[in-house]
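So this block is final36.txt, compact mmCIF, N, CA and C atoms:
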# COMPACT_ATOMS: atom_id res chain seq x y z
N MET A 1 6.84 -57.22 -79.55
CA MET A 1 7.06 -57.83 -78.26
C MET A 1 6.50 -56.88 -77.20
N ASN A 2 5.80 -57.42 -76.23
CA ASN A 2 5.35 -56.61 -75.11
C ASN A 2 5.90 -57.21 -73.81
N ALA A 3 5.60 -56.57 -72.72
CA ALA A 3 6.20 -56.97 -71.45
C ALA A 3 5.90 -58.43 -71.10
N THR A 4 4.76 -58.94 -71.50
CA THR A 4 4.45 -60.33 -71.17
C THR A 4 5.26 -61.31 -72.00
N GLU A 5 5.86 -60.86 -73.12
CA GLU A 5 6.66 -61.72 -73.96
C GLU A 5 8.16 -61.62 -73.67
N ILE A 6 8.55 -60.77 -72.74
CA ILE A 6 9.96 -60.56 -72.44
C ILE A 6 10.45 -61.68 -71.53
N SER A 7 11.57 -62.27 -71.91
CA SER A 7 12.08 -63.39 -71.12
C SER A 7 13.15 -62.97 -70.11
N GLY A 8 13.59 -61.72 -70.17
CA GLY A 8 14.64 -61.27 -69.26
C GLY A 8 14.13 -60.98 -67.86
N ASP A 9 15.08 -60.72 -66.97
CA ASP A 9 14.76 -60.37 -65.60
C ASP A 9 14.39 -58.90 -65.49
N LYS A 10 13.29 -58.60 -64.80
CA LYS A 10 12.92 -57.20 -64.58
C LYS A 10 13.86 -56.63 -63.52
N VAL A 11 14.56 -55.57 -63.88
CA VAL A 11 15.50 -54.95 -62.95
C VAL A 11 15.04 -53.57 -62.49
N LEU A 12 13.94 -53.08 -63.08
CA LEU A 12 13.42 -51.77 -62.66
C LEU A 12 11.95 -51.69 -62.98
N HIS A 13 11.20 -51.17 -62.04
CA HIS A 13 9.81 -50.76 -62.24
C HIS A 13 9.68 -49.41 -61.55
N LEU A 14 9.52 -48.37 -62.34
CA LEU A 14 9.48 -47.01 -61.83
C LEU A 14 8.26 -46.31 -62.39
N VAL A 15 7.47 -45.68 -61.53
CA VAL A 15 6.31 -44.91 -61.96
C VAL A 15 6.47 -43.51 -61.40
N VAL A 16 6.44 -42.52 -62.31
CA VAL A 16 6.59 -41.12 -61.91
C VAL A 16 5.50 -40.29 -62.58
N PRO A 17 5.19 -39.13 -62.02
CA PRO A 17 4.25 -38.23 -62.69
C PRO A 17 4.76 -37.84 -64.08
N ALA A 18 3.85 -37.69 -65.02
CA ALA A 18 4.21 -37.28 -66.38
C ALA A 18 4.42 -35.77 -66.42
N LYS A 19 5.50 -35.35 -65.78
CA LYS A 19 5.86 -33.94 -65.71
C LYS A 19 7.34 -33.80 -66.05
N PRO A 20 7.71 -32.72 -66.72
CA PRO A 20 9.10 -32.56 -67.16
C PRO A 20 10.13 -32.66 -66.04
N GLU A 21 9.80 -32.22 -64.86
CA GLU A 21 10.77 -32.22 -63.77
C GLU A 21 11.17 -33.62 -63.30
N TYR A 22 10.46 -34.65 -63.73
CA TYR A 22 10.80 -36.02 -63.34
C TYR A 22 11.66 -36.73 -64.39
N LEU A 23 11.83 -36.14 -65.56
CA LEU A 23 12.54 -36.83 -66.64
C LEU A 23 14.02 -37.02 -66.35
N SER A 24 14.65 -36.07 -65.66
CA SER A 24 16.07 -36.25 -65.35
C SER A 24 16.25 -37.40 -64.36
N LEU A 25 15.34 -37.59 -63.43
CA LEU A 25 15.39 -38.72 -62.50
C LEU A 25 15.31 -40.04 -63.27
N VAL A 26 14.39 -40.12 -64.21
CA VAL A 26 14.23 -41.33 -65.02
C VAL A 26 15.52 -41.63 -65.77
N ARG A 27 16.12 -40.62 -66.40
CA ARG A 27 17.37 -40.82 -67.14
C ARG A 27 18.49 -41.30 -66.23
N LEU A 28 18.61 -40.69 -65.06
CA LEU A 28 19.68 -41.07 -64.13
C LEU A 28 19.54 -42.52 -63.66
N VAL A 29 18.34 -42.91 -63.33
CA VAL A 29 18.12 -44.28 -62.83
C VAL A 29 18.43 -45.30 -63.92
N VAL A 30 17.92 -45.07 -65.13
CA VAL A 30 18.16 -46.02 -66.22
C VAL A 30 19.63 -46.00 -66.62
N ALA A 31 20.27 -44.83 -66.63
CA ALA A 31 21.70 -44.76 -66.94
C ALA A 31 22.52 -45.55 -65.93
N SER A 32 22.13 -45.51 -64.67
CA SER A 32 22.82 -46.27 -63.64
C SER A 32 22.70 -47.77 -63.90
N ILE A 33 21.52 -48.21 -64.28
CA ILE A 33 21.32 -49.63 -64.60
C ILE A 33 22.18 -50.02 -65.80
N ALA A 34 22.19 -49.17 -66.83
CA ALA A 34 23.01 -49.45 -68.02
C ALA A 34 24.49 -49.51 -67.66
N GLY A 35 24.95 -48.61 -66.82
CA GLY A 35 26.35 -48.63 -66.38
C GLY A 35 26.68 -49.91 -65.64
N ASP A 36 25.79 -50.34 -64.76
CA ASP A 36 26.01 -51.59 -64.02
C ASP A 36 25.95 -52.81 -64.93
N SER A 37 25.34 -52.65 -66.11
CA SER A 37 25.20 -53.76 -67.06
C SER A 37 26.32 -53.79 -68.09
N GLY A 38 27.32 -52.93 -67.93
CA GLY A 38 28.48 -52.98 -68.79
C GLY A 38 28.43 -52.13 -70.04
N PHE A 39 27.50 -51.19 -70.12
CA PHE A 39 27.41 -50.31 -71.29
C PHE A 39 28.51 -49.26 -71.26
N SER A 40 29.01 -48.91 -72.45
CA SER A 40 30.00 -47.83 -72.56
C SER A 40 29.32 -46.49 -72.33
N ASP A 41 30.12 -45.48 -72.07
CA ASP A 41 29.57 -44.13 -71.88
C ASP A 41 28.80 -43.68 -73.11
N GLU A 42 29.31 -44.01 -74.31
CA GLU A 42 28.61 -43.62 -75.54
C GLU A 42 27.24 -44.29 -75.63
N ASN A 43 27.18 -45.59 -75.33
CA ASN A 43 25.90 -46.29 -75.37
C ASN A 43 24.95 -45.80 -74.28
N ILE A 44 25.47 -45.46 -73.12
CA ILE A 44 24.62 -44.89 -72.06
C ILE A 44 24.06 -43.56 -72.53
N GLY A 45 24.86 -42.76 -73.19
CA GLY A 45 24.38 -41.49 -73.74
C GLY A 45 23.26 -41.72 -74.75
N ASP A 46 23.42 -42.72 -75.61
CA ASP A 46 22.38 -43.06 -76.59
C ASP A 46 21.09 -43.47 -75.88
N ILE A 47 21.21 -44.30 -74.87
CA ILE A 47 20.04 -44.75 -74.10
C ILE A 47 19.34 -43.55 -73.46
N LYS A 48 20.11 -42.65 -72.89
CA LYS A 48 19.51 -41.49 -72.23
C LYS A 48 18.75 -40.61 -73.22
N VAL A 49 19.31 -40.41 -74.41
CA VAL A 49 18.62 -39.60 -75.42
C VAL A 49 17.33 -40.29 -75.88
N ALA A 50 17.41 -41.60 -76.18
CA ALA A 50 16.23 -42.33 -76.61
C ALA A 50 15.15 -42.34 -75.52
N LEU A 51 15.56 -42.55 -74.29
CA LEU A 51 14.63 -42.54 -73.17
C LEU A 51 14.00 -41.16 -73.00
N SER A 52 14.80 -40.12 -73.18
CA SER A 52 14.27 -38.75 -73.10
C SER A 52 13.20 -38.52 -74.15
N GLU A 53 13.46 -38.98 -75.38
CA GLU A 53 12.49 -38.82 -76.46
C GLU A 53 11.17 -39.52 -76.11
N ALA A 54 11.26 -40.77 -75.68
CA ALA A 54 10.06 -41.54 -75.35
C ALA A 54 9.30 -40.92 -74.18
N SER A 55 10.01 -40.51 -73.14
CA SER A 55 9.38 -39.94 -71.95
C SER A 55 8.79 -38.56 -72.24
N THR A 56 9.50 -37.78 -73.03
CA THR A 56 8.99 -36.45 -73.39
C THR A 56 7.71 -36.57 -74.21
N ASN A 57 7.63 -37.59 -75.07
CA ASN A 57 6.39 -37.81 -75.81
C ASN A 57 5.22 -38.05 -74.88
N VAL A 58 5.45 -38.78 -73.79
CA VAL A 58 4.39 -39.01 -72.82
C VAL A 58 3.96 -37.67 -72.20
N VAL A 59 4.93 -36.88 -71.77
CA VAL A 59 4.62 -35.60 -71.12
C VAL A 59 3.84 -34.69 -72.07
N ARG A 60 4.25 -34.63 -73.32
CA ARG A 60 3.65 -33.70 -74.27
C ARG A 60 2.34 -34.18 -74.90
N HIS A 61 2.23 -35.50 -75.13
CA HIS A 61 1.14 -35.96 -75.99
C HIS A 61 0.17 -36.97 -75.39
N ALA A 62 0.54 -37.66 -74.33
CA ALA A 62 -0.25 -38.81 -73.90
C ALA A 62 -1.58 -38.43 -73.25
N TYR A 63 -1.59 -37.35 -72.53
CA TYR A 63 -2.76 -37.04 -71.72
C TYR A 63 -3.42 -35.75 -72.17
N PRO A 64 -4.75 -35.70 -72.10
CA PRO A 64 -5.44 -34.45 -72.47
C PRO A 64 -5.13 -33.36 -71.45
N PRO A 65 -5.23 -32.10 -71.86
CA PRO A 65 -4.89 -30.99 -70.96
C PRO A 65 -5.72 -30.96 -69.68
N ASP A 66 -6.92 -31.51 -69.71
CA ASP A 66 -7.78 -31.47 -68.53
C ASP A 66 -7.67 -32.72 -67.65
N ALA A 67 -6.70 -33.58 -67.92
CA ALA A 67 -6.53 -34.80 -67.12
C ALA A 67 -6.10 -34.46 -65.70
N GLU A 68 -6.56 -35.27 -64.77
CA GLU A 68 -6.17 -35.11 -63.37
C GLU A 68 -4.69 -35.43 -63.21
N ASP A 69 -3.97 -34.64 -62.42
CA ASP A 69 -2.53 -34.84 -62.24
C ASP A 69 -2.18 -36.25 -61.77
N ASP A 70 -2.98 -36.81 -60.85
CA ASP A 70 -2.63 -38.13 -60.31
C ASP A 70 -2.89 -39.26 -61.32
N ALA A 71 -3.55 -38.96 -62.44
CA ALA A 71 -3.78 -39.97 -63.48
C ALA A 71 -2.74 -39.88 -64.59
N MET A 72 -1.90 -38.86 -64.56
CA MET A 72 -0.91 -38.64 -65.62
C MET A 72 0.43 -39.22 -65.15
N LEU A 73 0.72 -40.44 -65.59
CA LEU A 73 1.91 -41.16 -65.11
C LEU A 73 2.75 -41.68 -66.27
N ILE A 74 4.04 -41.84 -66.00
CA ILE A 74 4.96 -42.53 -66.89
C ILE A 74 5.45 -43.76 -66.12
N GLU A 75 5.36 -44.90 -66.75
CA GLU A 75 5.86 -46.14 -66.16
C GLU A 75 7.09 -46.57 -66.95
N ILE A 76 8.17 -46.83 -66.25
CA ILE A 76 9.42 -47.28 -66.86
C ILE A 76 9.73 -48.67 -66.31
N ASN A 77 9.93 -49.61 -67.21
CA ASN A 77 10.35 -50.96 -66.84
C ASN A 77 11.64 -51.28 -67.59
N CYS A 78 12.59 -51.85 -66.90
CA CYS A 78 13.83 -52.30 -67.53
C CYS A 78 13.99 -53.79 -67.27
N TYR A 79 14.42 -54.48 -68.31
CA TYR A 79 14.64 -55.92 -68.25
C TYR A 79 16.02 -56.20 -68.82
N GLU A 80 16.69 -57.19 -68.27
CA GLU A 80 17.96 -57.66 -68.81
C GLU A 80 17.79 -59.08 -69.28
N ASP A 81 18.21 -59.32 -70.52
CA ASP A 81 18.32 -60.71 -70.96
C ASP A 81 19.79 -60.96 -71.26
N THR A 82 20.10 -62.04 -71.90
CA THR A 82 21.51 -62.37 -72.10
C THR A 82 22.21 -61.44 -73.07
N GLU A 83 21.46 -60.72 -73.90
CA GLU A 83 22.09 -59.89 -74.93
C GLU A 83 21.72 -58.41 -74.88
N HIS A 84 20.66 -58.03 -74.21
CA HIS A 84 20.15 -56.67 -74.30
C HIS A 84 19.67 -56.13 -72.95
N LEU A 85 19.63 -54.82 -72.91
CA LEU A 85 18.84 -54.12 -71.90
C LEU A 85 17.59 -53.68 -72.62
N LEU A 86 16.44 -54.06 -72.11
CA LEU A 86 15.16 -53.68 -72.68
C LEU A 86 14.55 -52.61 -71.80
N ILE A 87 14.11 -51.53 -72.42
CA ILE A 87 13.54 -50.40 -71.69
C ILE A 87 12.14 -50.16 -72.24
N GLU A 88 11.16 -50.24 -71.35
CA GLU A 88 9.78 -50.02 -71.75
C GLU A 88 9.28 -48.73 -71.11
N VAL A 89 8.72 -47.86 -71.93
CA VAL A 89 8.12 -46.61 -71.48
C VAL A 89 6.63 -46.72 -71.78
N ARG A 90 5.81 -46.68 -70.73
CA ARG A 90 4.36 -46.86 -70.88
C ARG A 90 3.60 -45.67 -70.32
N ASP A 91 2.44 -45.45 -70.89
CA ASP A 91 1.51 -44.47 -70.33
C ASP A 91 0.11 -45.04 -70.39
N GLN A 92 -0.81 -44.39 -69.73
CA GLN A 92 -2.22 -44.76 -69.73
C GLN A 92 -3.02 -43.71 -70.48
N GLY A 93 -2.39 -43.09 -71.46
CA GLY A 93 -2.98 -41.97 -72.18
C GLY A 93 -3.92 -42.36 -73.30
N ARG A 94 -4.08 -41.43 -74.21
CA ARG A 94 -5.08 -41.55 -75.26
C ARG A 94 -4.58 -42.23 -76.53
N GLY A 95 -3.37 -42.74 -76.54
CA GLY A 95 -2.83 -43.39 -77.72
C GLY A 95 -2.34 -42.37 -78.73
N MET A 96 -1.78 -42.87 -79.82
CA MET A 96 -1.24 -41.98 -80.85
C MET A 96 -1.42 -42.62 -82.21
N PRO A 97 -1.49 -41.79 -83.24
CA PRO A 97 -1.59 -42.36 -84.58
C PRO A 97 -0.25 -42.96 -85.01
N LEU A 98 -0.31 -44.10 -85.69
CA LEU A 98 0.90 -44.71 -86.25
C LEU A 98 0.73 -44.85 -87.75
N PRO A 99 1.63 -44.36 -88.53
CA PRO A 99 2.80 -43.58 -88.12
C PRO A 99 2.36 -42.20 -87.67
N PRO A 100 3.15 -41.56 -86.82
CA PRO A 100 2.79 -40.22 -86.34
C PRO A 100 2.89 -39.21 -87.48
N PRO A 101 2.20 -38.07 -87.34
CA PRO A 101 2.32 -37.02 -88.35
C PRO A 101 3.79 -36.63 -88.52
N ALA A 102 4.17 -36.26 -89.72
CA ALA A 102 5.57 -35.92 -90.02
C ALA A 102 6.11 -34.85 -89.09
N SER A 103 5.26 -33.91 -88.69
CA SER A 103 5.72 -32.83 -87.82
C SER A 103 6.00 -33.30 -86.39
N GLU A 104 5.51 -34.49 -86.03
CA GLU A 104 5.68 -34.98 -84.66
C GLU A 104 6.41 -36.32 -84.59
N GLY A 105 6.88 -36.84 -85.71
CA GLY A 105 7.44 -38.17 -85.72
C GLY A 105 8.95 -38.25 -85.63
N LEU A 106 9.61 -37.13 -85.37
CA LEU A 106 11.07 -37.14 -85.32
C LEU A 106 11.61 -37.96 -84.17
N GLY A 107 10.94 -37.96 -83.04
CA GLY A 107 11.42 -38.69 -81.87
C GLY A 107 11.58 -40.18 -82.12
N LEU A 108 10.63 -40.79 -82.84
CA LEU A 108 10.74 -42.22 -83.13
C LEU A 108 11.95 -42.51 -84.01
N GLY A 109 12.23 -41.62 -84.95
CA GLY A 109 13.42 -41.79 -85.79
C GLY A 109 14.70 -41.68 -85.00
N ILE A 110 14.73 -40.74 -84.07
CA ILE A 110 15.91 -40.58 -83.21
C ILE A 110 16.10 -41.83 -82.36
N MET A 111 15.00 -42.32 -81.74
CA MET A 111 15.09 -43.53 -80.94
C MET A 111 15.60 -44.69 -81.78
N GLY A 112 15.07 -44.83 -82.99
CA GLY A 112 15.46 -45.93 -83.87
C GLY A 112 16.91 -45.87 -84.29
N SER A 113 17.46 -44.66 -84.39
CA SER A 113 18.86 -44.55 -84.80
C SER A 113 19.83 -44.81 -83.65
N LEU A 114 19.36 -44.69 -82.42
CA LEU A 114 20.23 -44.86 -81.26
C LEU A 114 20.12 -46.24 -80.60
N MET A 115 19.01 -46.89 -80.80
CA MET A 115 18.76 -48.18 -80.16
C MET A 115 18.83 -49.30 -81.19
N ASP A 116 18.98 -50.54 -80.74
CA ASP A 116 19.00 -51.68 -81.65
C ASP A 116 17.61 -51.96 -82.22
N SER A 117 16.59 -51.75 -81.42
CA SER A 117 15.21 -51.91 -81.90
C SER A 117 14.28 -51.03 -81.08
N VAL A 118 13.20 -50.63 -81.71
CA VAL A 118 12.15 -49.84 -81.06
C VAL A 118 10.81 -50.38 -81.56
N GLU A 119 9.95 -50.75 -80.63
CA GLU A 119 8.61 -51.24 -80.97
C GLU A 119 7.59 -50.38 -80.24
N VAL A 120 6.54 -49.99 -80.96
CA VAL A 120 5.49 -49.15 -80.39
C VAL A 120 4.17 -49.88 -80.49
N GLU A 121 3.47 -49.95 -79.37
CA GLU A 121 2.10 -50.45 -79.34
C GLU A 121 1.24 -49.34 -78.76
N THR A 122 0.14 -49.04 -79.42
CA THR A 122 -0.69 -47.93 -78.95
C THR A 122 -2.17 -48.25 -79.15
N GLY A 123 -2.97 -47.64 -78.32
CA GLY A 123 -4.41 -47.84 -78.39
C GLY A 123 -5.10 -46.86 -77.44
N LYS A 124 -6.38 -47.07 -77.26
CA LYS A 124 -7.17 -46.16 -76.44
C LYS A 124 -6.78 -46.18 -74.97
N THR A 125 -6.08 -47.24 -74.54
CA THR A 125 -5.70 -47.34 -73.12
C THR A 125 -4.25 -46.99 -72.88
N GLY A 126 -3.59 -46.44 -73.90
CA GLY A 126 -2.22 -46.00 -73.69
C GLY A 126 -1.26 -46.49 -74.76
N THR A 127 0.00 -46.15 -74.53
CA THR A 127 1.06 -46.47 -75.48
C THR A 127 2.22 -47.09 -74.73
N SER A 128 2.87 -48.05 -75.39
CA SER A 128 4.07 -48.68 -74.86
C SER A 128 5.15 -48.58 -75.92
N VAL A 129 6.31 -48.08 -75.53
CA VAL A 129 7.48 -48.04 -76.39
C VAL A 129 8.51 -48.97 -75.76
N LEU A 130 8.90 -50.00 -76.51
CA LEU A 130 9.88 -50.96 -76.02
C LEU A 130 11.14 -50.81 -76.85
N MET A 131 12.24 -50.45 -76.18
CA MET A 131 13.51 -50.22 -76.85
C MET A 131 14.52 -51.24 -76.33
N ALA A 132 15.40 -51.70 -77.22
CA ALA A 132 16.43 -52.67 -76.85
C ALA A 132 17.79 -52.14 -77.27
N LYS A 133 18.78 -52.40 -76.43
CA LYS A 133 20.16 -52.01 -76.73
C LYS A 133 21.09 -53.07 -76.16
N SER A 134 22.07 -53.45 -76.97
CA SER A 134 23.09 -54.39 -76.53
C SER A 134 24.31 -53.59 -76.06
N PRO A 135 24.99 -54.05 -75.03
CA PRO A 135 26.19 -53.33 -74.58
C PRO A 135 27.29 -53.28 -75.65
N THR A 136 27.24 -54.18 -76.62
CA THR A 136 28.28 -54.21 -77.64
C THR A 136 27.89 -53.50 -78.92
N SER A 137 26.67 -52.97 -78.99
CA SER A 137 26.24 -52.32 -80.24
C SER A 137 26.70 -50.88 -80.30
N GLY A 138 26.89 -50.42 -81.50
CA GLY A 138 27.21 -49.02 -81.75
C GLY A 138 25.99 -48.32 -82.29
N ARG A 139 26.19 -47.13 -82.80
CA ARG A 139 25.09 -46.40 -83.38
C ARG A 139 24.75 -46.98 -84.74
N ARG A 140 23.44 -47.02 -85.00
CA ARG A 140 22.99 -47.46 -86.31
C ARG A 140 22.88 -46.24 -87.21
N THR A 141 23.06 -46.44 -88.47
CA THR A 141 22.85 -45.35 -89.41
C THR A 141 21.51 -45.57 -90.07
N VAL A 142 20.77 -44.50 -90.24
CA VAL A 142 19.45 -44.57 -90.83
C VAL A 142 19.55 -44.03 -92.25
N ALA A 143 19.06 -44.81 -93.21
CA ALA A 143 19.09 -44.36 -94.59
C ALA A 143 18.12 -43.20 -94.77
N SER A 144 18.53 -42.24 -95.56
CA SER A 144 17.65 -41.09 -95.76
C SER A 144 16.91 -41.18 -97.08

Take the structure in the file and give it back as structure tokens.
Amino acid sequence: MNATEISGDKVLHLVVPAKPEYLSLVRLVVASIAGDSGFSDENIGDIKVALSEASTNVVRHAYPPDAEDDAMLIEINCYEDTEHLLIEVRDQGRGMPLPPPASEGLGLGIMGSLMDSVEVETGKTGTSVLMAKSPTSGRRTVAS
């Protein structure tokens, strides 16, 4: 599913520089939306960790070291439908291999264990991570 296939209402569109100092702002804004949407403190914590993983991946991996600062952005979109909060983290970077190398793929596993679903689309024009969480869901267990 990508943003054009989402049927929920867009409740947030936020674009910030892909720099570590902006990640706490992103977490606070999305946590506030989750709180207003009826999520428990535990689920808000899960959302914040998953969002941190996705956003940190953008900061660390999306853009080449010589990219211009004004071209290095993280776009966050949140949508509400009748059952979920959908959080999309997008970049305009260089894409990533799927599946990621074992040494770099831990973040996707963490996101998958905390959220109801995680979908990744990637290519030469960037990457989109779409995560969904229901206010009534708990933590999922991942088989090892």

Query raised in the report: Any idea what's packed within 7 Å of Pro135 of chain A, counting all atoms listed in the file, ignoring anything in its chain fewer than 4 positions away? Could you give it as a ChimeraX atom specification?
Result: /A:37-40,83-85

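The coordinates place atom CA of Leu14 of chain A at 20.8 Å from atom CA of Ala67 of chain A.
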
Query raised in the report: Pick the closest to Val11 of chain A from A:Arg60, A:Ile33, A:Asp69, A:Val120: which is it, counting all atoms listed in the file?
Result: A:Ile33

Given the point (9.5, -36.8, -83.2) in the coordinates of this file, which residues lie within 12 Å, counting only C-alpha atoms, and how would they look as a PDB file with N, CA and C atoms, in the coordinates of the input?
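Output (part25.pdb):
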ATOM      1  N   ALA A  50      17.410 -41.600 -76.180  1.00  0.00           N
ATOM      2  CA  ALA A  50      16.230 -42.330 -76.610  1.00  0.00           C
ATOM      3  C   ALA A  50      15.150 -42.340 -75.520  1.00  0.00           C
ATOM      4  N   SER A  52      14.800 -40.120 -73.180  1.00  0.00           N
ATOM      5  CA  SER A  52      14.270 -38.750 -73.100  1.00  0.00           C
ATOM      6  C   SER A  52      13.200 -38.520 -74.150  1.00  0.00           C
ATOM      7  N   GLU A  53      13.460 -38.980 -75.380  1.00  0.00           N
ATOM      8  CA  GLU A  53      12.490 -38.820 -76.460  1.00  0.00           C
ATOM      9  C   GLU A  53      11.170 -39.520 -76.110  1.00  0.00           C
ATOM     10  N   ALA A  54      11.260 -40.770 -75.680  1.00  0.00           N
ATOM     11  CA  ALA A  54      10.060 -41.540 -75.350  1.00  0.00           C
ATOM     12  C   ALA A  54       9.300 -40.920 -74.180  1.00  0.00           C
ATOM     13  N   SER A  55      10.010 -40.510 -73.140  1.00  0.00           N
ATOM     14  CA  SER A  55       9.380 -39.940 -71.950  1.00  0.00           C
ATOM     15  C   SER A  55       8.790 -38.560 -72.240  1.00  0.00           C
ATOM     16  N   THR A  56       9.500 -37.780 -73.030  1.00  0.00           N
ATOM     17  CA  THR A  56       8.990 -36.450 -73.390  1.00  0.00           C
ATOM     18  C   THR A  56       7.710 -36.570 -74.210  1.00  0.00           C
ATOM     19  N   ASN A  57       7.630 -37.590 -75.070  1.00  0.00           N
ATOM     20  CA  ASN A  57       6.390 -37.810 -75.810  1.00  0.00           C
ATOM     21  C   ASN A  57       5.220 -38.050 -74.880  1.00  0.00           C
ATOM     22  N   VAL A  58       5.450 -38.780 -73.790  1.00  0.00           N
ATOM     23  CA  VAL A  58       4.390 -39.010 -72.820  1.00  0.00           C
ATOM     24  C   VAL A  58       3.960 -37.670 -72.200  1.00  0.00           C
ATOM     25  N   ARG A  60       4.250 -34.630 -73.320  1.00  0.00           N
ATOM     26  CA  ARG A  60       3.650 -33.700 -74.270  1.00  0.00           C
ATOM     27  C   ARG A  60       2.340 -34.180 -74.900  1.00  0.00           C
ATOM     28  N   HIS A  61       2.230 -35.500 -75.130  1.00  0.00           N
ATOM     29  CA  HIS A  61       1.140 -35.960 -75.990  1.00  0.00           C
ATOM     30  C   HIS A  61       0.170 -36.970 -75.390  1.00  0.00           C
ATOM     31  N   PRO A  99       1.630 -44.360 -88.530  1.00  0.00           N
ATOM     32  CA  PRO A  99       2.800 -43.580 -88.120  1.00  0.00           C
ATOM     33  C   PRO A  99       2.360 -42.200 -87.670  1.00  0.00           C
ATOM     34  N   PRO A 100       3.150 -41.560 -86.820  1.00  0.00           N
ATOM     35  CA  PRO A 100       2.790 -40.220 -86.340  1.00  0.00           C
ATOM     36  C   PRO A 100       2.890 -39.210 -87.480  1.00  0.00           C
ATOM     37  N   PRO A 101       2.200 -38.070 -87.340  1.00  0.00           N
ATOM     38  CA  PRO A 101       2.320 -37.020 -88.350  1.00  0.00           C
ATOM     39  C   PRO A 101       3.790 -36.630 -88.520  1.00  0.00           C
ATOM     40  N   ALA A 102       4.170 -36.260 -89.720  1.00  0.00           N
ATOM     41  CA  ALA A 102       5.570 -35.920 -90.020  1.00  0.00           C
ATOM     42  C   ALA A 102       6.110 -34.850 -89.090  1.00  0.00           C
ATOM     43  N   SER A 103       5.260 -33.910 -88.690  1.00  0.00           N
ATOM     44  CA  SER A 103       5.720 -32.830 -87.820  1.00  0.00           C
ATOM     45  C   SER A 103       6.000 -33.300 -86.390  1.00  0.00           C
ATOM     46  N   GLU A 104       5.510 -34.490 -86.030  1.00  0.00           N
ATOM     47  CA  GLU A 104       5.680 -34.980 -84.660  1.00  0.00           C
ATOM     48  C   GLU A 104       6.410 -36.320 -84.590  1.00  0.00           C
ATOM     49  N   GLY A 105       6.880 -36.840 -85.710  1.00  0.00           N
ATOM     50  CA  GLY A 105       7.440 -38.170 -85.720  1.00  0.00           C
ATOM     51  C   GLY A 105       8.950 -38.250 -85.630  1.00  0.00           C
ATOM     52  N   LEU A 106       9.610 -37.130 -85.370  1.00  0.00           N
ATOM     53  CA  LEU A 106      11.070 -37.140 -85.320  1.00  0.00           C
ATOM     54  C   LEU A 106      11.610 -37.960 -84.170  1.00  0.00           C
ATOM     55  N   GLY A 107      10.940 -37.960 -83.040  1.00  0.00           N
ATOM     56  CA  GLY A 107      11.420 -38.690 -81.870  1.00  0.00           C
ATOM     57  C   GLY A 107      11.580 -40.180 -82.120  1.00  0.00           C
ATOM     58  N   LEU A 108      10.630 -40.790 -82.840  1.00  0.00           N
ATOM     59  CA  LEU A 108      10.740 -42.220 -83.130  1.00  0.00           C
ATOM     60  C   LEU A 108      11.950 -42.510 -84.010  1.00  0.00           C
ATOM     61  N   GLY A 109      12.230 -41.620 -84.950  1.00  0.00           N
ATOM     62  CA  GLY A 109      13.420 -41.790 -85.790  1.00  0.00           C
ATOM     63  C   GLY A 109      14.700 -41.680 -85.000  1.00  0.00           C
ATOM     64  N   ILE A 110      14.730 -40.740 -84.070  1.00  0.00           N
ATOM     65  CA  ILE A 110      15.910 -40.580 -83.210  1.00  0.00           C
ATOM     66  C   ILE A 110      16.100 -41.830 -82.360  1.00  0.00           C
ATOM     67  N   MET A 111      15.000 -42.320 -81.740  1.00  0.00           N
ATOM     68  CA  MET A 111      15.090 -43.530 -80.940  1.00  0.00           C
ATOM     69  C   MET A 111      15.600 -44.690 -81.780  1.00  0.00           C
ATOM     70  N   GLY A 112      15.070 -44.830 -82.990  1.00  0.00           N
ATOM     71  CA  GLY A 112      15.460 -45.930 -83.870  1.00  0.00           C
ATOM     72  C   GLY A 112      16.910 -45.870 -84.290  1.00  0.00           C
TER      73      GLY A 112
END

Query raised in the report: Using only C-alpha atoms, which of A:Asp9, A:Asp41, A:Asp116, A:Asp91 sits nearest Ile76 of chain A?
Result: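 Ranking A:Asp9, A:Asp41, A:Asp116, A:Asp91 by distance to Ile76 of chain A, first place goes to A:Asp91.
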
Query raised in the report: What does the distance between atom CA of Ser24 of chain A and atom C of Ile74 of chain A come to in Å, to one decimal place?
Result: 13.0 Å

Requested in this report: Could you find all residues in chain A that DSSP calls strand (DSSP E or B) from the backbone, and write them as a ChimeraX atom specification?
Outcome: /A:9-17,73-80,85-90,117-123,126-133

Query raised in the report: Which of these, A:Val118, A:Ser137, A:Gln92, A:Val16, has the shortest distance to Tyr63 of chain A once you count all atoms listed in the file?
Result: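 For Tyr63 of chain A, the nearest of the candidates is A:Gln92.
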
Report task. Using all atoms listed in the file, determine which residues lie at most 5 Å from Leu86 of chain A, disregarding the query and same-chain residues fewer than 3 positions distant; provide the list as an MDAnalysis selection string. Result -> chainID A and resid 78:80 131:132

Report task. From a DSSP calculation on the backbone, collect every residue of chain A in alpha helix (DSSP H) and output the set as a ChimeraX atom specification. Result -> /A:23-36,41-57,106-114

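If you measure from each of A:Thr127, A:Thr122, A:Ser7, A:Ser117 to Gly93 of chain A using only N, CA and C atoms, the closest one turns out to be A:Thr127.
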